[in-house]
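With TSV, C-alpha atoms inside, this is my_file16.tsv:
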```tsv
chain	number	residue	atom	x	y	z
Y	1	MET	CA	19.98	16.72	1.83
Y	2	ARG	CA	23.35	18.41	2.26
Y	3	SER	CA	22.02	21.64	0.72
Y	4	ALA	CA	19.35	22.17	3.41
Y	5	ARG	CA	19.60	25.40	5.41
Y	6	LEU	CA	18.94	24.62	9.07
Y	7	ARG	CA	18.52	26.62	12.26
Y	8	ALA	CA	21.60	27.24	14.39
Y	9	GLU	CA	20.09	25.22	17.27
Y	10	ILE	CA	20.18	22.02	15.18
Y	11	GLU	CA	23.18	19.72	15.50
Y	12	ILE	CA	23.04	17.07	12.79
Y	13	ASP	CA	25.24	14.12	11.91
Y	14	PRO	CA	25.03	11.19	9.49
Y	15	THR	CA	24.49	7.83	11.15
Y	16	ARG	CA	24.35	4.24	10.03
Y	17	PRO	CA	21.09	3.57	8.17
Y	18	PRO	CA	19.05	0.39	8.53
Y	19	GLN	CA	20.33	-2.29	6.15
Y	20	LYS	CA	17.26	-4.39	5.36
Y	21	LEU	CA	14.44	-1.92	4.69
Y	22	ALA	CA	15.46	-0.90	1.17
Y	23	PRO	CA	18.32	-1.41	-1.28
Y	24	HIS	CA	19.50	2.17	-0.62
Y	25	ALA	CA	19.26	4.16	2.62
Y	26	TYR	CA	20.69	7.30	4.19
Y	27	ALA	CA	20.20	8.31	7.83
Y	28	LEU	CA	20.76	11.40	9.95
Y	29	GLU	CA	20.57	12.01	13.69
Y	30	ALA	CA	19.83	15.47	15.01
Y	31	ALA	CA	19.41	17.26	18.31
Y	32	VAL	CA	18.00	20.65	19.17
Y	33	VAL	CA	20.55	22.12	21.55
Y	34	ASP	CA	20.34	25.06	23.94
Y	35	GLY	CA	23.78	25.56	25.44
Y	36	GLU	CA	24.73	22.10	26.66
Y	37	GLU	CA	21.14	20.86	27.02
Y	38	ASP	CA	19.45	18.73	24.38
Y	39	LEU	CA	15.83	19.88	24.09
Y	40	ALA	CA	14.78	17.26	21.53
Y	41	ASP	CA	16.38	14.66	19.34
Y	42	GLY	CA	15.50	12.49	16.42
Y	43	ARG	CA	16.47	10.40	13.47
Y	44	LEU	CA	15.48	10.74	9.82
Y	45	VAL	CA	15.99	7.92	7.34
Y	46	LEU	CA	15.63	8.22	3.56
Y	47	LEU	CA	14.86	4.88	1.91
Y	48	HIS	CA	15.01	4.22	-1.83
Y	49	ASP	CA	13.93	1.16	-3.76
Y	50	PRO	CA	14.27	1.75	-7.51
Y	51	ALA	CA	11.76	-1.06	-8.16
Y	52	GLY	CA	9.17	0.72	-6.02
Y	53	HIS	CA	7.43	-0.51	-2.94
Y	54	GLU	CA	3.73	-1.33	-2.89
Y	55	ALA	CA	3.07	0.07	0.61
Y	56	TRP	CA	4.96	3.29	-0.17
Y	57	HIS	CA	3.22	3.96	-3.49
Y	58	GLY	CA	6.57	5.20	-4.74
Y	59	THR	CA	10.29	4.53	-4.81
Y	60	PHE	CA	11.28	6.76	-1.86
Y	61	ARG	CA	10.17	6.77	1.78
Y	62	LEU	CA	11.11	9.00	4.72
Y	63	VAL	CA	10.98	7.47	8.20
Y	64	THR	CA	11.42	9.43	11.42
Y	65	LEU	CA	11.59	9.28	15.16
Y	66	VAL	CA	11.35	12.56	17.12
Y	67	ARG	CA	11.29	12.81	20.90
Y	68	ALA	CA	11.43	15.41	23.65
Y	69	GLU	CA	10.78	15.71	27.33
Y	70	LEU	CA	7.59	17.54	28.33
Y	71	GLU	CA	6.21	19.11	31.41
Y	72	PRO	CA	3.88	16.53	33.02
Y	73	GLU	CA	0.98	18.99	32.77
Y	74	MET	CA	1.40	19.20	28.98
Y	75	ALA	CA	1.43	15.43	28.63
Y	76	ALA	CA	-1.96	15.23	30.38
Y	77	ASP	CA	-3.63	17.19	27.56
Y	78	PRO	CA	-5.95	14.72	25.81
Y	79	LEU	CA	-5.41	16.47	22.46
Y	80	LEU	CA	-1.61	16.27	22.60
Y	81	PRO	CA	-1.26	13.31	20.19
Y	82	GLU	CA	-3.44	14.95	17.53
Y	83	VAL	CA	-1.61	18.25	17.93
Y	84	CYS	CA	1.81	16.59	17.60
Y	85	TRP	CA	0.70	14.73	14.47
Y	86	SER	CA	-0.55	18.00	13.00
Y	87	TRP	CA	2.90	19.49	13.62
Y	88	LEU	CA	4.40	16.87	11.31
Y	89	THR	CA	1.90	17.36	8.51
Y	90	GLY	CA	1.91	21.12	9.08
Y	91	ALA	CA	5.72	21.29	8.80
Y	92	LEU	CA	5.58	19.49	5.46
Y	93	GLU	CA	2.72	21.63	4.17
Y	94	ALA	CA	4.29	24.90	5.39
Y	95	ARG	CA	7.30	24.12	3.20
Y	96	GLY	CA	5.02	23.45	0.22
Y	97	LEU	CA	5.88	19.74	0.08
Y	98	ALA	CA	3.63	17.18	-1.56
Y	99	TYR	CA	3.62	13.78	0.09
Y	100	GLY	CA	1.50	10.66	0.34
Y	101	GLU	CA	0.85	7.62	2.47
Y	102	PRO	CA	1.59	9.23	5.86
Y	103	SER	CA	1.46	6.88	8.82
Y	104	GLY	CA	2.74	6.83	12.35
Y	105	THR	CA	2.22	7.01	16.08
Y	106	VAL	CA	2.45	9.64	18.79
Y	107	THR	CA	3.34	8.21	22.19
Y	108	ARG	CA	3.56	9.93	25.54
Y	109	ALA	CA	5.23	8.17	28.43
Y	110	GLY	CA	5.67	9.15	32.05
Y	111	SER	CA	8.33	8.03	34.50
Y	112	HIS	CA	8.20	8.21	38.27
Y	113	TYR	CA	11.36	7.46	40.22
Y	114	PHE	CA	11.75	5.40	43.39
Y	115	GLY	CA	14.44	4.16	45.76
Y	116	GLY	CA	17.89	5.46	44.87
Y	117	LEU	CA	16.34	7.60	42.11
Y	118	ALA	CA	13.59	9.10	44.25
Y	119	ASP	CA	15.23	12.56	44.17
Y	120	ARG	CA	14.48	12.91	40.47
Y	121	ARG	CA	11.36	14.73	39.45
Y	122	PRO	CA	8.79	12.82	37.37
Y	123	ALA	CA	9.56	12.93	33.65
Y	124	THR	CA	7.23	12.83	30.67
Y	125	GLN	CA	8.33	12.27	27.10
Y	126	ILE	CA	6.59	12.66	23.75
Y	127	GLU	CA	7.67	10.51	20.84
Y	128	ILE	CA	6.58	10.79	17.20
Y	129	ARG	CA	7.30	7.84	14.91
Y	130	ALA	CA	6.19	8.46	11.35
Y	131	SER	CA	6.81	7.79	7.70
Y	132	TRP	CA	5.63	9.33	4.44
Y	133	THR	CA	6.28	9.07	0.73
Y	134	PRO	CA	7.77	12.26	-0.70
Y	135	GLN	CA	6.48	13.25	-4.12
Y	136	GLU	CA	9.15	12.71	-6.71
Y	137	GLY	CA	10.14	15.81	-8.64
Y	138	ALA	CA	12.17	16.41	-11.76
Y	139	GLY	CA	14.29	13.42	-12.66
Y	140	GLY	CA	12.25	11.17	-10.37
Y	141	VAL	CA	13.98	12.45	-7.21
Y	142	PRO	CA	12.14	14.17	-4.31
Y	143	ASP	CA	13.28	17.49	-2.84
Y	144	THR	CA	15.09	15.87	0.08
Y	145	ALA	CA	16.67	19.13	1.26
Y	146	THR	CA	13.26	20.70	1.83
Y	147	HIS	CA	11.94	17.53	3.49
Y	148	LEU	CA	14.94	17.67	5.84
Y	149	ALA	CA	14.25	21.35	6.60
Y	150	ALA	CA	10.58	20.56	7.35
Y	151	TRP	CA	11.64	17.69	9.62
Y	152	CYS	CA	13.99	20.06	11.47
Y	153	ASP	CA	11.06	22.51	11.83
Y	154	LEU	CA	9.12	19.69	13.51
Y	155	LEU	CA	12.08	18.87	15.75
Y	156	CYS	CA	12.36	22.52	16.86
Y	157	GLN	CA	8.63	22.74	17.48
Y	158	VAL	CA	8.64	19.63	19.66
Y	159	ALA	CA	11.63	21.11	21.51
Y	160	GLY	CA	9.54	24.17	22.36
Y	161	LEU	CA	11.46	26.71	20.28
Y	162	PRO	CA	9.53	29.59	18.80
Y	163	PRO	CA	8.96	29.29	15.06
Y	164	SER	CA	11.62	30.64	12.78
Y	165	PRO	CA	10.36	33.47	10.55
Y	166	ALA	CA	12.01	31.67	7.64
Y	167	GLY	CA	10.50	28.35	8.72
Y	168	ALA	CA	7.60	28.37	6.32
Y	169	ALA	CA	7.78	28.69	2.58
Y	170	ASP	CA	5.37	31.63	2.71
Y	171	GLY	CA	7.07	33.28	5.72
Y	172	THR	CA	4.14	32.66	8.09
Y	173	THR	CA	4.75	31.61	11.69
Y	174	GLY	CA	1.21	31.03	12.99
Y	175	VAL	CA	1.98	27.84	14.91
Y	176	VAL	CA	1.97	26.89	18.55
Y	177	SER	CA	5.01	25.31	20.21
Y	178	LEU	CA	5.38	23.31	23.38
Y	179	PRO	CA	6.93	25.23	26.26
Y	180	GLN	CA	10.55	24.34	26.90
Y	181	ARG	CA	11.17	21.71	29.52
Y	182	ARG	CA	12.59	22.54	32.91
Y	183	GLY	CA	16.32	22.46	33.59
Y	184	PRO	CA	18.41	19.31	33.53
Y	185	GLN	CA	17.45	16.40	35.75
Y	186	GLN	CA	19.57	15.59	38.73
Y	187	PRO	CA	20.73	11.96	39.11
```
Whole structure given in structure tokens:
Amino acid sequence: MRSARLRAEIEIDPTRPPQKLAPHAYALEAAVVDGEEDLADGRLVLLHDPAGHEAWHGTFRLVTLVRAELEPEMAADPLLPEVCWSWLTGALEARGLAYGEPSGTVTRAGSHYFGGLADRRPATQIEIRASWTPQEGAGGVPDTATHLAAWCDLLCQVAGLPPSPAGAADGTTGVVSLPQRRGPQQP
């Protein structure tokens, strides 16, 4: 994963992985940053069980959480969950990655503020929770660097950044991104 080439807007750090999901785990946290504003954030966990896992249909599993604030009008789109899910699968496919057993949820949540917080504007957030089994390559190890790059492509797309010309394995950029959220909220 350390060999992945990522966009300049991505700030990424290792974090403590979950301890009970697999004998071996590695986790990263990332944020898409514009100046001092976080546009999106997420976590990616690589799990490995040398004995294999029946539900994974393999010995490796990638698990993610990606979230970003949206304009309330965008969150009202009835197709938003399907579109966000297609961004995940599209990011993997654009990088030429083979994977199996994808599963997950897309959640949109809205917050309205009252009382001492009434000055805040309503906020809407999209959250993608997903997992997939990366195809194992030579030596029985998946191409984790490219999976990380695809995950960062998804993170940037959810953040509303335009696609990177180098984002896809074939150089194409025919994808649609969410518009960037409005400026920072006031307490």
Distance query range 139-156 of chain Y at most 9 Å, only C-alpha atoms, self and fewer than 2 positions along chain excluded, as a short mmCIF file (atom, residue, chain, number, x, y, z; two decimals) with C-alpha atoms, in the coordinates of the input:
```
data_model
loop_
_atom_site.label_atom_id
_atom_site.label_comp_id
_atom_site.auth_asym_id
_atom_site.auth_seq_id
_atom_site.Cartn_x
_atom_site.Cartn_y
_atom_site.Cartn_z
CA MET Y 1 19.98 16.72 1.83
CA ARG Y 2 23.35 18.41 2.26
CA SER Y 3 22.02 21.64 0.72
CA ALA Y 4 19.35 22.17 3.41
CA ARG Y 5 19.60 25.40 5.41
CA LEU Y 6 18.94 24.62 9.07
CA ARG Y 7 18.52 26.62 12.26
CA GLU Y 9 20.09 25.22 17.27
CA ILE Y 10 20.18 22.02 15.18
CA ALA Y 30 19.83 15.47 15.01
CA ALA Y 31 19.41 17.26 18.31
CA VAL Y 32 18.00 20.65 19.17
CA LEU Y 39 15.83 19.88 24.09
CA ALA Y 40 14.78 17.26 21.53
CA ASP Y 41 16.38 14.66 19.34
CA GLY Y 42 15.50 12.49 16.42
CA LEU Y 44 15.48 10.74 9.82
CA LEU Y 46 15.63 8.22 3.56
CA THR Y 59 10.29 4.53 -4.81
CA PHE Y 60 11.28 6.76 -1.86
CA LEU Y 62 11.11 9.00 4.72
CA THR Y 64 11.42 9.43 11.42
CA VAL Y 66 11.35 12.56 17.12
CA ARG Y 67 11.29 12.81 20.90
CA ALA Y 68 11.43 15.41 23.65
CA CYS Y 84 1.81 16.59 17.60
CA TRP Y 87 2.90 19.49 13.62
CA LEU Y 88 4.40 16.87 11.31
CA GLY Y 90 1.91 21.12 9.08
CA ALA Y 91 5.72 21.29 8.80
CA LEU Y 92 5.58 19.49 5.46
CA GLU Y 93 2.72 21.63 4.17
CA ALA Y 94 4.29 24.90 5.39
CA ARG Y 95 7.30 24.12 3.20
CA GLY Y 96 5.02 23.45 0.22
CA LEU Y 97 5.88 19.74 0.08
CA PRO Y 134 7.77 12.26 -0.70
CA GLN Y 135 6.48 13.25 -4.12
CA GLU Y 136 9.15 12.71 -6.71
CA GLY Y 137 10.14 15.81 -8.64
CA VAL Y 158 8.64 19.63 19.66
CA ALA Y 159 11.63 21.11 21.51
CA GLY Y 160 9.54 24.17 22.36
CA LEU Y 161 11.46 26.71 20.28
CA PRO Y 162 9.53 29.59 18.80
CA PRO Y 163 8.96 29.29 15.06
CA SER Y 164 11.62 30.64 12.78
CA GLY Y 167 10.50 28.35 8.72
CA ALA Y 168 7.60 28.37 6.32
CA SER Y 177 5.01 25.31 20.21
#
```
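For the choices Y:Glu36, Y:Glu82, Y:Glu127, Y:Glu101, the atom-to-atom distance to His57 in chain Y is smallest for Y:Glu101 when using only C-alpha atoms.
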Subject >> CA of Arg108 in chain Y to CA of Glu69 in chain Y, straight-line distance in Å >> reply: 9.4 Å
Subject >> CA of Ser103 in chain Y to CA of Trp132 in chain Y, straight-line distance in Å >> reply: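 CA of Trp132 in chain Y sits 6.5 Å away from CA of Ser103 in chain Y.
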Original post:
Which is closer to Ile12 in chain Y than all the others in Y:Asp77, Y:Glu29, Y:Asp38, Y:Asp49, using only C-alpha atoms?
Top reply: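 Ranking Y:Asp77, Y:Glu29, Y:Asp38, Y:Asp49 by distance to Ile12 in chain Y, first place goes to Y:Glu29.
Distance check against Thr124 in chain Y using all atoms listed in the file: of Y:Pro18, Y:Pro78, Y:Gly104, Y:Pro72, the minimum falls on Y:Pro72.
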Where's the centre, and what are the edge lengths in Å to one decimal, of a box along x, y and z enclosing all listed atoms of range 63-71 of chain Y padded 4 Å per side, as JSON?
```
{"center_x": 8.9, "center_y": 13.3, "center_z": 19.8, "size_x": 13.4, "size_y": 19.6, "size_z": 31.2}
```
